[in-house]
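Dumped start35.pdb below, it's PDB, C-alpha atoms:
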MODEL        1
ATOM      1  CA  MET A1286     -94.777 -14.930 -59.656
ATOM      2  CA  LYS A1287     -92.829 -11.669 -59.612
ATOM      3  CA  LYS A1288     -96.098  -9.737 -59.318
ATOM      4  CA  GLU A1289     -97.001 -11.854 -56.278
ATOM      5  CA  ALA A1290     -93.634 -11.104 -54.674
ATOM      6  CA  LYS A1291     -94.075  -7.406 -55.334
ATOM      7  CA  LYS A1292     -97.609  -7.468 -53.935
ATOM      8  CA  ILE A1293     -96.375  -9.054 -50.689
ATOM      9  CA  ILE A1294     -93.937  -6.276 -49.880
ATOM     10  CA  VAL A1295     -96.335  -3.528 -50.921
ATOM     11  CA  GLN A1296     -99.056  -4.893 -48.636
ATOM     12  CA  THR A1297     -96.740  -5.413 -45.671
ATOM     13  CA  MET A1298     -95.462  -1.853 -45.997
ATOM     14  CA  GLY A1299     -98.986  -0.469 -46.168
ATOM     15  CA  LEU A1300     -98.363   1.123 -49.559
ATOM     16  CA  PRO A1301    -100.916   1.778 -52.319
ATOM     17  CA  ASN A1302    -101.533  -1.019 -54.786
ATOM     18  CA  ALA A1303     -98.479  -1.130 -57.054
ATOM     19  CA  ALA A1304    -100.447  -2.941 -59.746
ATOM     20  CA  SER A1305    -101.627   0.454 -60.892
ATOM     21  CA  GLY A1306     -98.028   1.274 -61.834
ATOM     22  CA  ASP A1307     -97.665   3.941 -59.147
ATOM     23  CA  LEU A1308     -94.055   5.146 -59.498
ATOM     24  CA  SER A1309     -93.803   6.503 -55.954
ATOM     25  CA  SER A1310     -94.822   3.117 -54.530
ATOM     26  CA  GLN A1311     -92.117   1.388 -56.540
ATOM     27  CA  MET A1312     -89.529   3.887 -55.341
ATOM     28  CA  GLU A1313     -90.558   3.293 -51.715
ATOM     29  CA  VAL A1314     -90.289  -0.474 -52.186
ATOM     30  CA  ASP A1315     -86.815  -0.095 -53.689
ATOM     31  CA  ALA A1316     -85.773   2.194 -50.842
ATOM     32  CA  PHE A1317     -87.080  -0.288 -48.236
ATOM     33  CA  ARG A1318     -85.179  -3.080 -50.008
ATOM     34  CA  ARG A1319     -81.905  -1.154 -49.812
ATOM     35  CA  LEU A1320     -82.308   0.198 -46.277
ATOM     36  CA  PHE A1321     -83.754  -2.895 -44.597
ATOM     37  CA  PRO A1322     -82.636  -5.901 -46.722
ATOM     38  CA  ILE A1323     -83.122  -8.523 -43.994
ATOM     39  CA  GLN A1324     -86.689  -7.390 -43.248
ATOM     40  CA  PHE A1325     -87.400  -7.159 -46.966
ATOM     41  CA  TYR A1326     -86.387 -10.778 -47.544
ATOM     42  CA  GLU A1327     -87.962 -12.138 -44.396
ATOM     43  CA  ARG A1328     -91.354 -10.769 -45.407
ATOM     44  CA  HIS A1329     -91.033 -12.717 -48.648
ATOM     45  CA  LEU A1330     -89.734 -15.855 -46.954
ATOM     46  CA  ALA A1331     -92.733 -15.861 -44.632
ATOM     47  CA  GLU A1332     -94.858 -16.312 -47.768
ATOM     48  CA  SER A1333     -92.471 -18.966 -49.221
ATOM     49  CA  ILE A1334     -91.582 -16.794 -52.187
ATOM     50  CA  ARG A1335     -88.518 -14.824 -53.213
ATOM     51  CA  PRO A1336     -88.368 -11.318 -54.701
ATOM     52  CA  ASP A1337     -87.644 -12.748 -58.176
ATOM     53  CA  GLY A1338     -90.752 -14.925 -57.962
ATOM     54  CA  ARG A1339     -89.008 -18.238 -57.342
ATOM     55  CA  ALA A1340     -90.017 -20.767 -54.729
ATOM     56  CA  LEU A1341     -87.417 -21.180 -51.973
ATOM     57  CA  GLY A1342     -86.073 -24.483 -53.294
ATOM     58  CA  LYS A1343     -86.137 -23.635 -57.001
ATOM     59  CA  ALA A1344     -82.993 -22.892 -59.008
ATOM     60  CA  ARG A1345     -82.793 -20.338 -61.784
ATOM     61  CA  ASP A1346     -83.108 -21.169 -65.484
ATOM     62  CA  THR A1347     -79.935 -22.868 -66.717
ATOM     63  CA  THR A1348     -78.418 -23.174 -70.200
ATOM     64  CA  ILE A1349     -75.271 -24.753 -71.657
ATOM     65  CA  ALA A1350     -73.680 -23.945 -75.020
ATOM     66  CA  LEU A1351     -70.859 -26.210 -76.202
ATOM     67  CA  GLY A1352     -67.958 -25.112 -78.384
ATOM     68  CA  PRO A1353     -68.094 -21.296 -78.121
ATOM     69  CA  VAL A1354     -64.266 -21.017 -78.337
ATOM     70  CA  SER A1355     -63.113 -22.396 -81.683
ATOM     71  CA  SER A1356     -59.399 -22.195 -80.823
ATOM     72  CA  ALA A1357     -59.814 -24.438 -77.755
ATOM     73  CA  ASN A1358     -59.848 -28.252 -77.768
ATOM     74  CA  GLY A1359     -62.994 -28.137 -75.645
ATOM     75  CA  SER A1360     -65.143 -25.284 -74.384
ATOM     76  CA  ALA A1361     -68.527 -24.458 -72.913
ATOM     77  CA  LEU A1362     -70.607 -21.475 -71.834
ATOM     78  CA  ALA A1363     -72.823 -22.126 -68.806
ATOM     79  CA  LYS A1364     -75.470 -19.755 -67.477
ATOM     80  CA  ILE A1365     -77.418 -20.070 -64.239
ATOM     81  CA  GLY A1366     -79.736 -17.102 -64.198
ATOM     82  CA  SER A1367     -77.440 -14.161 -64.903
ATOM     83  CA  THR A1368     -74.339 -15.911 -63.582
ATOM     84  CA  THR A1369     -72.237 -16.756 -66.646
ATOM     85  CA  MET A1370     -69.091 -18.899 -66.910
ATOM     86  CA  LEU A1371     -66.905 -19.601 -69.941
ATOM     87  CA  ALA A1372     -64.658 -22.669 -69.698
ATOM     88  CA  ALA A1373     -61.973 -23.511 -72.264
ATOM     89  CA  ILE A1374     -59.502 -26.408 -72.393
ATOM     90  CA  LYS A1375     -56.177 -26.435 -74.223
ATOM     91  CA  MET A1376     -54.221 -29.682 -74.538
ATOM     92  CA  GLU A1377     -50.415 -29.772 -74.463
ATOM     93  CA  VAL A1378     -47.947 -32.674 -74.435
ATOM     94  CA  MET A1379     -45.791 -32.965 -71.322
ATOM     95  CA  THR A1380     -43.374 -35.409 -69.738
ATOM     96  CA  PRO A1381     -45.183 -37.299 -66.937
ATOM     97  CA  SER A1382     -43.795 -37.362 -63.423
ATOM     98  CA  VAL A1383     -41.668 -40.236 -62.168
ATOM     99  CA  GLU A1384     -44.298 -40.986 -59.489
ATOM    100  CA  SER A1385     -47.112 -41.264 -62.077
ATOM    101  CA  PRO A1386     -45.516 -42.299 -65.386
ATOM    102  CA  ASP A1387     -48.828 -43.416 -66.917
ATOM    103  CA  GLU A1388     -50.937 -40.376 -65.966
ATOM    104  CA  GLY A1389     -51.566 -36.939 -67.386
ATOM    105  CA  CYS A1390     -52.441 -33.780 -65.477
ATOM    106  CA  ILE A1391     -55.114 -31.108 -65.220
ATOM    107  CA  ALA A1392     -54.160 -27.495 -64.459
ATOM    108  CA  LEU A1393     -57.108 -25.306 -63.506
ATOM    109  CA  ASP A1394     -57.342 -21.522 -63.259
ATOM    110  CA  PHE A1395     -60.441 -19.553 -62.290
ATOM    111  CA  HIS A1396     -60.572 -15.932 -63.381
ATOM    112  CA  MET A1397     -62.793 -13.094 -62.176
ATOM    113  CA  PRO A1398     -62.122 -10.011 -64.343
ATOM    114  CA  PRO A1399     -63.475  -6.620 -63.213
ATOM    115  CA  VAL A1400     -66.263  -6.769 -65.795
ATOM    116  CA  CYS A1401     -67.962  -9.640 -63.939
ATOM    117  CA  SER A1402     -68.992  -7.704 -60.839
ATOM    118  CA  PRO A1403     -68.940  -4.200 -59.332
ATOM    119  CA  ILE A1404     -67.117  -5.573 -56.258
ATOM    120  CA  VAL A1405     -64.121  -6.713 -58.363
ATOM    121  CA  ARG A1406     -61.701  -3.812 -58.744
ATOM    122  CA  PRO A1407     -59.235  -3.383 -61.633
ATOM    123  CA  GLY A1408     -55.692  -4.268 -60.627
ATOM    124  CA  ARG A1409     -56.813  -6.288 -57.600
ATOM    125  CA  PRO A1410     -57.457 -10.030 -57.723
ATOM    126  CA  ALA A1411     -60.907 -11.034 -56.543
ATOM    127  CA  GLU A1412     -60.799 -12.630 -53.089
ATOM    128  CA  ALA A1413     -63.192 -15.386 -54.153
ATOM    129  CA  ALA A1414     -61.125 -16.476 -57.178
ATOM    130  CA  PRO A1415     -58.411 -18.582 -55.475
ATOM    131  CA  VAL A1416     -60.965 -20.109 -53.103
ATOM    132  CA  ILE A1417     -63.238 -21.232 -55.958
ATOM    133  CA  SER A1418     -60.233 -22.395 -57.990
ATOM    134  CA  LYS A1419     -59.052 -24.672 -55.147
ATOM    135  CA  GLN A1420     -62.579 -25.921 -54.543
ATOM    136  CA  LEU A1421     -62.991 -26.772 -58.240
ATOM    137  CA  SER A1422     -59.651 -28.604 -58.407
ATOM    138  CA  ASP A1423     -60.466 -30.640 -55.319
ATOM    139  CA  THR A1424     -63.948 -31.502 -56.617
ATOM    140  CA  ILE A1425     -62.775 -32.622 -60.062
ATOM    141  CA  SER A1426     -60.040 -34.727 -58.476
ATOM    142  CA  SER A1427     -62.115 -36.341 -55.712
ATOM    143  CA  SER A1428     -65.170 -36.996 -57.898
ATOM    144  CA  GLY A1429     -63.258 -39.383 -60.136
ATOM    145  CA  MET A1430     -64.769 -37.722 -63.208
ATOM    146  CA  ILE A1431     -61.522 -38.082 -65.135
ATOM    147  CA  ASP A1432     -59.175 -41.039 -65.019
ATOM    148  CA  LEU A1433     -55.774 -39.391 -65.470
ATOM    149  CA  ARG A1434     -54.520 -42.566 -67.151
ATOM    150  CA  GLU A1435     -56.810 -41.625 -70.047
ATOM    151  CA  LEU A1436     -54.438 -38.713 -70.614
ATOM    152  CA  SER A1437     -51.350 -40.917 -70.986
ATOM    153  CA  LEU A1438     -49.690 -41.149 -74.402
ATOM    154  CA  VAL A1439     -46.444 -43.101 -73.967
ATOM    155  CA  LYS A1440     -45.768 -44.430 -70.473
ATOM    156  CA  GLY A1441     -42.954 -42.541 -68.820
ATOM    157  CA  LYS A1442     -42.349 -40.397 -71.898
ATOM    158  CA  ALA A1443     -45.415 -38.390 -72.892
ATOM    159  CA  ALA A1444     -48.828 -37.498 -71.508
ATOM    160  CA  TRP A1445     -51.446 -34.801 -71.893
ATOM    161  CA  MET A1446     -51.598 -31.686 -69.771
ATOM    162  CA  ALA A1447     -55.141 -30.275 -69.867
ATOM    163  CA  TYR A1448     -55.129 -26.540 -69.167
ATOM    164  CA  LEU A1449     -58.619 -25.605 -67.992
ATOM    165  CA  ASP A1450     -59.356 -21.879 -67.756
ATOM    166  CA  ILE A1451     -62.724 -20.724 -66.418
ATOM    167  CA  TYR A1452     -63.731 -17.089 -66.826
ATOM    168  CA  CYS A1453     -66.540 -15.554 -64.815
ATOM    169  CA  LEU A1454     -68.339 -13.176 -67.170
ATOM    170  CA  ASP A1455     -71.189 -12.273 -64.822
ATOM    171  CA  ALA A1456     -71.092 -12.928 -61.063
ATOM    172  CA  ASP A1457     -74.673 -13.025 -59.814
ATOM    173  CA  GLY A1458     -74.418 -15.686 -57.122
ATOM    174  CA  SER A1459     -73.755 -19.445 -57.000
ATOM    175  CA  LEU A1460     -70.399 -18.964 -58.732
ATOM    176  CA  PHE A1461     -69.052 -22.412 -57.851
ATOM    177  CA  ASP A1462     -72.142 -24.157 -59.247
ATOM    178  CA  ALA A1463     -71.877 -22.387 -62.602
ATOM    179  CA  ALA A1464     -68.087 -22.838 -62.761
ATOM    180  CA  LEU A1465     -68.309 -26.581 -62.067
ATOM    181  CA  LEU A1466     -71.075 -26.955 -64.641
ATOM    182  CA  SER A1467     -69.020 -25.136 -67.283
ATOM    183  CA  ALA A1468     -65.984 -27.316 -66.494
ATOM    184  CA  ALA A1469     -67.986 -30.560 -66.790
ATOM    185  CA  ALA A1470     -69.530 -29.341 -70.052
ATOM    186  CA  ALA A1471     -66.125 -28.337 -71.471
ATOM    187  CA  PHE A1472     -64.681 -31.788 -70.703
ATOM    188  CA  SER A1473     -67.773 -33.343 -72.313
ATOM    189  CA  HIS A1474     -67.029 -31.293 -75.448
ATOM    190  CA  LEU A1475     -63.266 -31.955 -75.379
ATOM    191  CA  GLN A1476     -61.672 -33.629 -78.399
ATOM    192  CA  ILE A1477     -58.157 -34.925 -77.789
ATOM    193  CA  PRO A1478     -55.908 -34.024 -80.762
ATOM    194  CA  VAL A1479     -54.130 -36.512 -83.019
ATOM    195  CA  VAL A1480     -50.442 -37.016 -82.183
ATOM    196  CA  ALA A1481     -47.764 -39.362 -83.480
ATOM    197  CA  LEU A1482     -44.135 -40.345 -82.912
ATOM    198  CA  ASN A1483     -41.728 -38.790 -85.404
ATOM    199  CA  ASP A1484     -38.425 -40.253 -86.577
ATOM    200  CA  ASP A1485     -36.682 -39.029 -83.428
ATOM    201  CA  GLY A1486     -39.201 -40.707 -81.149
ATOM    202  CA  ARG A1487     -40.792 -37.420 -80.077
ATOM    203  CA  VAL A1488     -44.532 -36.914 -79.796
ATOM    204  CA  VAL A1489     -45.756 -34.289 -82.269
ATOM    205  CA  PHE A1490     -49.150 -32.947 -83.270
ATOM    206  CA  VAL A1491     -50.577 -34.208 -86.563
ATOM    207  CA  SER A1492     -52.942 -32.155 -88.679
ATOM    208  CA  GLU A1493     -56.149 -33.777 -89.905
ATOM    209  CA  GLU A1494     -54.820 -33.660 -93.485
ATOM    210  CA  GLU A1495     -51.564 -35.429 -92.601
ATOM    211  CA  GLY A1496     -52.939 -38.234 -90.476
ATOM    212  CA  GLY A1497     -50.098 -40.605 -89.609
ATOM    213  CA  GLU A1498     -48.796 -41.133 -93.150
ATOM    214  CA  ASN A1499     -45.653 -38.988 -92.835
ATOM    215  CA  PHE A1500     -44.310 -40.878 -89.833
ATOM    216  CA  GLU A1501     -42.502 -44.192 -89.849
ATOM    217  CA  LYS A1502     -44.048 -45.199 -86.545
ATOM    218  CA  GLU A1503     -47.738 -45.659 -85.821
ATOM    219  CA  PRO A1504     -49.683 -42.626 -84.569
ATOM    220  CA  VAL A1505     -50.237 -42.656 -80.818
ATOM    221  CA  ASN A1506     -53.898 -41.963 -81.523
ATOM    222  CA  LYS A1507     -55.086 -42.157 -85.134
ATOM    223  CA  GLU A1508     -57.988 -39.724 -84.850
ATOM    224  CA  LYS A1509     -59.472 -37.175 -82.498
ATOM    225  CA  ARG A1510     -61.179 -38.851 -79.590
ATOM    226  CA  LYS A1511     -63.515 -37.882 -76.806
ATOM    227  CA  LEU A1512     -62.399 -38.068 -73.201
ATOM    228  CA  LYS A1513     -64.227 -40.714 -71.201
ATOM    229  CA  LEU A1514     -65.956 -39.194 -68.180
ATOM    230  CA  ASN A1515     -66.624 -41.668 -65.394
ATOM    231  CA  SER A1516     -68.964 -39.703 -63.151
ATOM    232  CA  VAL A1517     -69.918 -36.077 -63.678
ATOM    233  CA  PRO A1518     -70.208 -34.024 -60.459
ATOM    234  CA  PHE A1519     -72.997 -31.465 -60.048
ATOM    235  CA  SER A1520     -73.451 -29.009 -57.216
ATOM    236  CA  LEU A1521     -76.055 -26.824 -55.587
ATOM    237  CA  THR A1522     -75.392 -23.873 -53.322
ATOM    238  CA  CYS A1523     -77.987 -23.127 -50.644
ATOM    239  CA  LEU A1524     -78.491 -20.303 -48.191
ATOM    240  CA  LEU A1525     -79.489 -21.042 -44.616
ATOM    241  CA  HIS A1526     -81.480 -18.323 -42.862
ATOM    242  CA  LYS A1527     -83.308 -19.161 -39.651
ATOM    243  CA  LYS A1528     -85.659 -22.020 -40.609
ATOM    244  CA  TYR A1529     -85.458 -21.297 -44.346
ATOM    245  CA  ILE A1530     -83.326 -22.894 -47.085
ATOM    246  CA  LEU A1531     -82.888 -20.978 -50.346
ATOM    247  CA  ALA A1532     -81.518 -22.889 -53.350
ATOM    248  CA  ASP A1533     -79.275 -21.233 -55.938
ATOM    249  CA  PRO A1534     -78.989 -17.782 -54.328
ATOM    250  CA  THR A1535     -78.361 -14.581 -56.279
ATOM    251  CA  ALA A1536     -75.482 -12.260 -55.394
ATOM    252  CA  GLU A1537     -77.899 -10.012 -53.499
ATOM    253  CA  GLU A1538     -79.253 -12.925 -51.475
ATOM    254  CA  GLU A1539     -75.716 -14.090 -50.651
ATOM    255  CA  SER A1540     -74.790 -10.603 -49.425
ATOM    256  CA  VAL A1541     -77.860 -10.353 -47.175
ATOM    257  CA  MET A1542     -77.913 -13.895 -45.745
ATOM    258  CA  GLU A1543     -74.335 -15.018 -45.270
ATOM    259  CA  THR A1544     -74.592 -18.700 -44.272
ATOM    260  CA  ILE A1545     -73.812 -20.656 -47.434
ATOM    261  CA  VAL A1546     -73.735 -24.419 -47.963
ATOM    262  CA  THR A1547     -72.573 -26.118 -51.159
ATOM    263  CA  VAL A1548     -73.303 -29.800 -51.788
ATOM    264  CA  VAL A1549     -71.613 -31.762 -54.596
ATOM    265  CA  LEU A1550     -72.991 -35.107 -55.795
ATOM    266  CA  ASP A1551     -71.764 -37.367 -58.577
ATOM    267  CA  SER A1552     -73.890 -38.895 -61.340
ATOM    268  CA  SER A1553     -74.908 -41.798 -59.123
ATOM    269  CA  GLY A1554     -76.083 -39.478 -56.348
ATOM    270  CA  GLN A1555     -73.125 -40.178 -54.055
ATOM    271  CA  LEU A1556     -71.817 -37.323 -51.909
ATOM    272  CA  VAL A1557     -68.547 -35.886 -53.230
ATOM    273  CA  SER A1558     -68.159 -32.902 -50.912
ATOM    274  CA  PHE A1559     -70.010 -30.704 -48.453
ATOM    275  CA  TYR A1560     -68.725 -27.154 -48.130
ATOM    276  CA  LYS A1561     -69.752 -24.633 -45.486
ATOM    277  CA  PRO A1562     -67.409 -21.626 -45.188
ATOM    278  CA  GLY A1563     -68.555 -20.296 -41.817
ATOM    279  CA  GLY A1564     -71.777 -18.351 -41.343
ATOM    280  CA  SER A1565     -73.904 -17.675 -38.288
ATOM    281  CA  VAL A1566     -76.488 -20.428 -38.891
ATOM    282  CA  LEU A1567     -75.599 -23.935 -37.749
ATOM    283  CA  ALA A1568     -76.062 -26.711 -40.297
ATOM    284  CA  TYR A1569     -78.228 -29.123 -38.328
ATOM    285  CA  THR A1570     -78.717 -32.671 -39.556
ATOM    286  CA  SER A1571     -82.191 -31.917 -40.893
ATOM    287  CA  ALA A1572     -80.916 -28.877 -42.807
ATOM    288  CA  VAL A1573     -78.034 -30.889 -44.282
ATOM    289  CA  GLN A1574     -80.426 -33.644 -45.369
ATOM    290  CA  ASP A1575     -82.723 -31.088 -46.988
ATOM    291  CA  CYS A1576     -79.796 -29.514 -48.857
ATOM    292  CA  ILE A1577     -78.672 -32.925 -50.106
ATOM    293  CA  ALA A1578     -82.226 -33.735 -51.248
ATOM    294  CA  LEU A1579     -82.408 -30.444 -53.163
ATOM    295  CA  THR A1580     -79.000 -31.155 -54.721
ATOM    296  CA  ARG A1581     -80.078 -34.632 -55.789
ATOM    297  CA  GLN A1582     -83.092 -33.156 -57.600
ATOM    298  CA  ARG A1583     -80.970 -30.385 -59.110
ATOM    299  CA  SER A1584     -78.335 -32.882 -60.327
ATOM    300  CA  LYS A1585     -80.975 -34.728 -62.335
ATOM    301  CA  GLU A1586     -82.039 -31.442 -63.948
ATOM    302  CA  LEU A1587     -78.445 -30.497 -64.801
ATOM    303  CA  GLN A1588     -77.720 -33.951 -66.243
ATOM    304  CA  ILE A1589     -80.680 -33.564 -68.608
ATOM    305  CA  ILE A1590     -79.534 -30.071 -69.641
ATOM    306  CA  LEU A1591     -75.980 -31.337 -70.290
ATOM    307  CA  ASP A1592     -77.219 -34.373 -72.238
ATOM    308  CA  GLU A1593     -79.398 -32.139 -74.423
ATOM    309  CA  ALA A1594     -76.457 -29.852 -75.148
ATOM    310  CA  ILE A1595     -74.272 -32.826 -76.135
ATOM    311  CA  SER A1596     -77.039 -34.261 -78.333
ATOM    312  CA  GLY A1597     -77.453 -30.882 -80.022
ATOM    313  CA  MET A1598     -73.744 -30.802 -80.891
ATOM    314  CA  GLU A1599     -73.869 -34.320 -82.340
ATOM    315  CA  ILE A1600     -76.817 -33.371 -84.576
ATOM    316  CA  ASP A1601     -75.023 -30.233 -85.791
TER     317      ASP A1601
ENDMDL
END

Do you think you could lay out the structure here as structure tokens?
Amino acid sequence: MKKEAKKIIVQTMGLPNAASGDLSSQMEVDAFRRLFPIQFYERHLAESIRPDGRALGKARDTTIALGPVSSANGSALAKIGSTTMLAAIKMEVMTPSVESPDEGCIALDFHMPPVCSPIVRPGRPAEAAPVISKQLSDTISSSGMIDLRELSLVKGKAAWMAYLDIYCLDADGSLFDAALLSAAAAFSHLQIPVVALNDDGRVVFVSEEEGGENFEKEPVNKEKRKLKLNSVPFSLTCLLHKKYILADPTAEEESVMETIVTVVLDSSGQLVSFYKPGGSVLAYTSAVQDCIALTRQRSKELQIILDEAISGMEID
């Protein structure tokens, strides 16, 4: 497919056949790509193919690895193409609020260190980081994936605070999609620690060797347990350019064609959110429907990938 994409641009530029490995032809193609990015992409789009060989509606290869951070209570590494996200969850006991005495909390932070992208400068926070962090928090909350009452320990006295940190290791487009996938995978991997009430009535952590034997009162939870996930949200980011819709754009594609749409669906295919941060192309009803259809197909693919990762952990 990549050879076909390369052949398209070579022919449209009237260059010699690049199949022969002509170095000068390759240099001219690269120069054309840098100098005239819109024309470069439009010549590919006219043939329904992208420079990396993908069809317009096809996402990049995706992988999930569970448990890469041994010191965390739950963690996952998600890759969509080159875009890489590491999510880690640390559980701490807190006093619940008066308004929600039987609920725990989730605190989310999204980090973009300078190593993830040339556009992120040392000493300066990435502009996209707080935007993605807020979008992730809103999505996890509105999707109903986690019932916060599952994080309650003793009503009005103790509950879990789940600190979720997501680190972008490589930012090559569709950052929200990869971050949300890593978060869902980390919660799927999460094991809630064993805690018990000590003689003073305080909730304390219990090591696996101790169990609940050294406490006069019953353990709050006698063994590590998985967190019940009600409905896992999955997302797909699309680019709108003229009459074309490109699924799962790379960083280069996002920089060239600026109208971005992100659709989030839950496990049952219900719409959780639709996000369009500006852009010159209007999201007509037909375009929105097409984006939702692509997201529905993508969600099924991601669910299979996540299920396979979970099954692999259980076998290990």

Point-to-point distance from atom CA of A:Ile1530 to atom CA of A:Arg1345, Å rounded to tenths: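 Taking atom CA of A:Ile1530 and atom CA of A:Arg1345, their separation equals 14.9 Å.
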
Picked residues, the PyMOL selection byres ((chain A and resi 1533) around 12), expected as JSON, numbers by chain: {"A": [1335, 1339, 1340, 1341, 1342, 1343, 1344, 1345, 1346, 1347, 1365, 1366, 1367, 1368, 1457, 1458, 1459, 1460, 1461, 1462, 1463, 1520, 1521, 1522, 1523, 1524, 1525, 1530, 1531, 1532, 1534, 1535, 1536, 1537, 1538, 1539, 1545, 1546, 1547, 1548, 1576, 1579, 1580, 1583]}

Report as JSON lines: every residue of stretch 1323-1396 of chain A with an atom at most 6 Å from stretch 1466-1477 of chain A, its closest pair of atoms, and their distance in Å to one decimal, counting all atoms listed in the file, with rows sorted by chain and ascending residue number.
{"residue": "A:Asn1358", "atom": "CA", "partner": "A:Leu1475", "partner_atom": "CA", "distance": 5.6}
{"residue": "A:Gly1359", "atom": "CA", "partner": "A:Leu1475", "partner_atom": "CA", "distance": 3.8}
{"residue": "A:Ser1360", "atom": "CA", "partner": "A:Ala1471", "partner_atom": "CA", "distance": 4.3}
{"residue": "A:Ala1361", "atom": "CA", "partner": "A:Ala1471", "partner_atom": "CA", "distance": 4.8}
{"residue": "A:Ala1363", "atom": "CA", "partner": "A:Ser1467", "partner_atom": "CA", "distance": 5.1}
{"residue": "A:Ala1372", "atom": "CA", "partner": "A:Ser1467", "partner_atom": "CA", "distance": 5.6}

Pairwise distance for atom CA of A:Cys1401 and atom CA of A:Leu1454, rounded to one decimal in Å: 4.8 Å

Target residues per the PyMOL selection byres ((chain A and resi 1411) around 12), formatted as a PDB file with C-alpha atoms, in the coordinates of the input:
ATOM      1  CA  PHE A1395     -60.441 -19.553 -62.290  1.00  0.00           C
ATOM      2  CA  HIS A1396     -60.572 -15.932 -63.381  1.00  0.00           C
ATOM      3  CA  MET A1397     -62.793 -13.094 -62.176  1.00  0.00           C
ATOM      4  CA  PRO A1398     -62.122 -10.011 -64.343  1.00  0.00           C
ATOM      5  CA  PRO A1399     -63.475  -6.620 -63.213  1.00  0.00           C
ATOM      6  CA  VAL A1400     -66.263  -6.769 -65.795  1.00  0.00           C
ATOM      7  CA  CYS A1401     -67.962  -9.640 -63.939  1.00  0.00           C
ATOM      8  CA  SER A1402     -68.992  -7.704 -60.839  1.00  0.00           C
ATOM      9  CA  PRO A1403     -68.940  -4.200 -59.332  1.00  0.00           C
ATOM     10  CA  ILE A1404     -67.117  -5.573 -56.258  1.00  0.00           C
ATOM     11  CA  VAL A1405     -64.121  -6.713 -58.363  1.00  0.00           C
ATOM     12  CA  ARG A1406     -61.701  -3.812 -58.744  1.00  0.00           C
ATOM     13  CA  PRO A1407     -59.235  -3.383 -61.633  1.00  0.00           C
ATOM     14  CA  GLY A1408     -55.692  -4.268 -60.627  1.00  0.00           C
ATOM     15  CA  ARG A1409     -56.813  -6.288 -57.600  1.00  0.00           C
ATOM     16  CA  PRO A1410     -57.457 -10.030 -57.723  1.00  0.00           C
ATOM     17  CA  GLU A1412     -60.799 -12.630 -53.089  1.00  0.00           C
ATOM     18  CA  ALA A1413     -63.192 -15.386 -54.153  1.00  0.00           C
ATOM     19  CA  ALA A1414     -61.125 -16.476 -57.178  1.00  0.00           C
ATOM     20  CA  PRO A1415     -58.411 -18.582 -55.475  1.00  0.00           C
ATOM     21  CA  VAL A1416     -60.965 -20.109 -53.103  1.00  0.00           C
ATOM     22  CA  ILE A1417     -63.238 -21.232 -55.958  1.00  0.00           C
ATOM     23  CA  SER A1418     -60.233 -22.395 -57.990  1.00  0.00           C
ATOM     24  CA  CYS A1453     -66.540 -15.554 -64.815  1.00  0.00           C
ATOM     25  CA  ALA A1456     -71.092 -12.928 -61.063  1.00  0.00           C
TER      26      ALA A1456
END

Using all atoms listed in the file: which of A:Arg1328, A:Lys1419, A:Lys1442, A:Arg1434 has the shortest distance to A:Leu1512: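 Smallest separation from A:Leu1512 among the options: A:Arg1434.
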
Nearby residues (all atoms listed in the file) at most 10 Å from A:Pro1518, same-chain spacing under 4 positions excluded, as number ranges by chain: A: 1424-1425, 1427-1430, 1465-1466, 1468-1469, 1549-1558, 1584, 1587-1588

All residues 7 Å or closer to A:Asp1387, all atoms listed in the file, same chain fewer than 6 positions away omitted, as an MDAnalysis selection string: chainID A and resid 1434 1437 1440:1441

Go ahead and save the picked residues with C-alpha atoms, as a JSON list (two decimals), in the coordinates of the input.
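Everything below was put into selection.json:
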[["chain", "number", "residue", "atom", "x", "y", "z"],
["A", 1434, "ARG", "CA", -54.52, -42.57, -67.15],
["A", 1437, "SER", "CA", -51.35, -40.92, -70.99],
["A", 1440, "LYS", "CA", -45.77, -44.43, -70.47],
["A", 1441, "GLY", "CA", -42.95, -42.54, -68.82]]

Can you patch up stretch 1348-1354 of chain A, filling it in to N, CA and C atoms, and show the result as a compact mmCIF listing (two decimals), in the coordinates of the input?
# COMPACT_ATOMS: atom_id res chain seq x y z
N THR A 1348 -78.71 -22.81 -68.81
CA THR A 1348 -78.42 -23.17 -70.20
C THR A 1348 -76.94 -23.53 -70.34
N ILE A 1349 -76.65 -24.38 -71.33
CA ILE A 1349 -75.27 -24.75 -71.66
C ILE A 1349 -75.11 -24.66 -73.17
N ALA A 1350 -74.04 -24.00 -73.60
CA ALA A 1350 -73.68 -23.94 -75.02
C ALA A 1350 -72.28 -24.54 -75.17
N LEU A 1351 -72.15 -25.55 -76.01
CA LEU A 1351 -70.86 -26.21 -76.20
C LEU A 1351 -70.12 -25.63 -77.40
N GLY A 1352 -68.80 -25.54 -77.27
CA GLY A 1352 -67.96 -25.11 -78.38
C GLY A 1352 -67.95 -23.64 -78.72
N PRO A 1353 -68.11 -22.72 -77.77
CA PRO A 1353 -68.09 -21.30 -78.12
C PRO A 1353 -66.71 -20.76 -78.48
N VAL A 1354 -65.64 -21.47 -78.06
CA VAL A 1354 -64.27 -21.02 -78.34
C VAL A 1354 -63.65 -21.96 -79.37
